[in-house]
Amino acid sequence: MRNIPDRGLSSKSLTHRWTNSHQAFPDELNLRVRRSLSWLNRAEKEVDDQDAAFIFYWIAFNAAYAEDSGTETTSTERTIFAEYFEKLIAVDRNRLIYEALWERFTGPIRLLLDNEFVFQPFWNHHNRLPGNHDWRARFENGKFRIHEGLARQDTALILNTLFDRLYVLRNQLIHGGATWNGSVNRQQVQDGASILRFLVPVFIDIMLENPDISWGPPNYPVIVT
């Protein structure tokens, strides 16, 4: 499995930081972070099962960013992704995301963006949904835009495109569109788990560094009756 270099961020180190400072944080941020760290901790235990690792890392990511939109659609999720990433990038003073995407933009991240099997129009075409006959041209155009984004170091573009691909992989696993430990999708699952393993702790770290930012109300708040 390809490895992304580790910055030393883990559920244990992040939980220690959060425990020592959370009393000064807003309740909504505390709920997001507590939930996200719990799933991050669970994901880190999955050393051999990459399907399970990817799912648990995605739940940790979901706990960090998601807001209750009333519906779950790809367009809605893209909008929420974009807003969340915009906040993260704006306050990423230590340039952790920048370093992840630009100084270490090799291996799993680049390969995933070049993989048509996590490009939704590819599957729409093969499922005979109208309006997707030109998926290949759109895929190649997307690759061109990604390379343009690389040239101008457009962190938001790359991050949004990357998680758009990861969302397709998430759907394949969560909605039963893949076989557990199946050979046909092994590489993208391994790469996806590696990417989330590296980036989700970075996202949580940035949130802990910026408790004054409004990260929005989390899904399913705790209701005491």
# chains A, B, ... in the order shown; residues from 1 in each chain; ligands from 1

$ residues_around --residues "stretch 167-180 of chain A" --least-positions-apart "2" --cutoff "9 Å" --atoms "only C-alpha atoms" --output "CSV table (one decimal) with C-alpha atoms, in the first residue's frame"
chain,number,residue,atom,x,y,z
A,51,ASP,CA,-12.7,-1.2,3.3
A,52,ALA,CA,-13.5,-0.8,7.0
A,54,PHE,CA,-12.1,3.9,4.6
A,55,ILE,CA,-15.6,3.8,6.0
A,58,TRP,CA,-15.2,8.8,6.1
A,74,THR,CA,-24.4,14.7,-4.5
A,77,GLU,CA,-22.8,17.4,-0.5
A,117,PHE,CA,-13.6,4.3,-11.7
A,118,VAL,CA,-14.3,7.1,-9.1
A,119,PHE,CA,-15.6,9.5,-11.7
A,120,GLN,CA,-19.5,9.4,-11.4
A,162,LEU,CA,-10.4,15.0,-4.7
A,163,PHE,CA,-13.3,14.7,-2.3
A,164,ASP,CA,-15.7,14.5,-5.2
A,165,ARG,CA,-13.9,11.4,-6.3
A,182,GLY,CA,-12.8,-7.3,-3.6
A,183,SER,CA,-9.9,-7.3,-6.0
A,184,VAL,CA,-11.4,-5.1,-8.7
A,185,ASN,CA,-11.4,-1.9,-6.6
A,188,GLN,CA,-8.7,3.0,-5.0
A,189,VAL,CA,-9.9,1.8,-1.6
A,192,GLY,CA,-8.7,6.5,-0.5

$ residues_around --residues "A:Leu157" --least-positions-apart "6" --cutoff "9 Å" --atoms "only C-alpha atoms" --output "list in words"
Arg145, Ile146 and Gly149 of chain A

$ write_last_selection --atoms "N, CA and C atoms" --output "JSON list (two decimals), in the first residue's frame"
[["chain", "number", "residue", "atom", "x", "y", "z"],
["A", 145, "ARG", "N", -8.17, 20.54, -16.19],
["A", 145, "ARG", "CA", -8.40, 21.58, -15.17],
["A", 145, "ARG", "C", -7.58, 21.32, -13.91],
["A", 146, "ILE", "N", -7.44, 20.02, -13.57],
["A", 146, "ILE", "CA", -6.63, 19.67, -12.40],
["A", 146, "ILE", "C", -5.19, 20.09, -12.62],
["A", 149, "GLY", "N", -4.96, 23.68, -12.28],
["A", 149, "GLY", "CA", -5.00, 24.00, -10.86],
["A", 149, "GLY", "C", -3.67, 23.77, -10.19]]

$ closest_residue --among "A:Arg197, A:Glu67, A:Phe25, A:Phe144" --to "A:Asn41" --atoms "only C-alpha atoms"
A:Arg197

$ closest_residue --among "A:Phe203, A:Tyr57, A:Tyr84, A:Phe122" --to "A:Gly216" --atoms "only C-alpha atoms"
A:Tyr84

$ residues_around --residues "A:Leu9" --least-positions-apart "6" --cutoff "12 Å" --atoms "only C-alpha atoms" --output "ChimeraX atom specification"
/A:15-17,37,40-41,44,96,197-206

$ write_last_selection --atoms "C-alpha atoms" --output "mmCIF file, in the first residue's frame"
data_model
loop_
_atom_site.group_PDB
_atom_site.id
_atom_site.type_symbol
_atom_site.label_atom_id
_atom_site.label_comp_id
_atom_site.auth_asym_id
_atom_site.auth_seq_id
_atom_site.Cartn_x
_atom_site.Cartn_y
_atom_site.Cartn_z
ATOM 1 C CA THR A 15 -7.885 13.958 21.836
ATOM 2 C CA HIS A 16 -5.273 15.051 24.374
ATOM 3 C CA ARG A 17 -5.293 18.587 22.945
ATOM 4 C CA LEU A 37 -12.243 11.846 17.122
ATOM 5 C CA LEU A 40 -10.887 8.534 13.862
ATOM 6 C CA ASN A 41 -9.755 6.394 16.790
ATOM 7 C CA GLU A 44 -6.858 3.813 13.148
ATOM 8 C CA LEU A 96 -1.017 21.935 6.515
ATOM 9 C CA ARG A 197 -5.913 8.795 7.165
ATOM 10 C CA PHE A 198 -3.627 11.726 6.421
ATOM 11 C CA LEU A 199 -6.131 14.526 5.805
ATOM 12 C CA VAL A 200 -8.896 13.975 8.385
ATOM 13 C CA PRO A 201 -6.562 14.570 11.371
ATOM 14 C CA VAL A 202 -5.291 17.694 9.593
ATOM 15 C CA PHE A 203 -8.856 18.987 9.271
ATOM 16 C CA ILE A 204 -9.558 18.341 12.956
ATOM 17 C CA ASP A 205 -6.275 19.997 13.904
ATOM 18 C CA ILE A 206 -7.244 23.152 12.008
#

$ atom_distance --atom1 "atom CA of A:Arg42" --atom2 "atom CA of A:Phe85"
23.8 Å

$ atom_distance --atom1 "atom CA of A:Pro218" --atom2 "atom CA of A:Gln50"
27.0 Å

$ select_by_dssp --residues "stretch 101-213 of chain A" --states "helix (DSSP H, G or I)" --output "VMD selection string"
chain A and resid 101 to 103 108 to 113 116 to 118 120 to 126 135 to 151 155 to 174 186 to 209

$ closest_residue --among "A:Glu46, A:Glu209, A:Asp154, A:Asp27" --to "A:Ser194" --atoms "only C-alpha atoms"
A:Glu46

$ atom_distance --atom1 "atom CA of A:Leu29" --atom2 "atom CA of A:Leu196"
20.4 Å

$ residues_around --residues "A:Leu31" --least-positions-apart "2" --cutoff "12 Å" --atoms "only C-alpha atoms" --output "ChimeraX atom specification"
/A:18,22-23,25-29,33-38,63-66,215-222

$ write_last_selection --atoms "C-alpha atoms" --output "CSV table (one decimal), in the first residue's frame"
chain,number,residue,atom,x,y,z
A,18,TRP,CA,-9.1,18.7,22.8
A,22,HIS,CA,-12.6,22.0,25.1
A,23,GLN,CA,-14.1,23.8,28.0
A,25,PHE,CA,-15.0,25.8,22.9
A,26,PRO,CA,-18.5,26.3,21.7
A,27,ASP,CA,-20.8,23.3,22.3
A,28,GLU,CA,-21.4,22.8,18.5
A,29,LEU,CA,-17.6,22.5,17.9
A,33,VAL,CA,-14.8,17.2,17.4
A,34,ARG,CA,-15.8,14.5,20.0
A,35,ARG,CA,-17.7,12.5,17.4
A,36,SER,CA,-15.0,12.9,14.8
A,37,LEU,CA,-12.2,11.8,17.1
A,38,SER,CA,-14.2,8.8,18.2
A,63,ALA,CA,-18.8,14.2,11.7
A,64,ALA,CA,-16.4,17.1,11.2
A,65,TYR,CA,-18.0,18.8,8.2
A,66,ALA,CA,-21.7,17.7,7.8
A,215,TRP,CA,-18.3,25.5,11.8
A,216,GLY,CA,-22.1,25.3,11.7
A,217,PRO,CA,-24.6,23.1,13.6
A,218,PRO,CA,-23.8,19.4,13.5
A,219,ASN,CA,-26.1,16.7,12.2
A,220,TYR,CA,-28.3,15.1,14.9
A,221,PRO,CA,-27.5,17.4,17.9
A,222,VAL,CA,-27.8,15.9,21.3
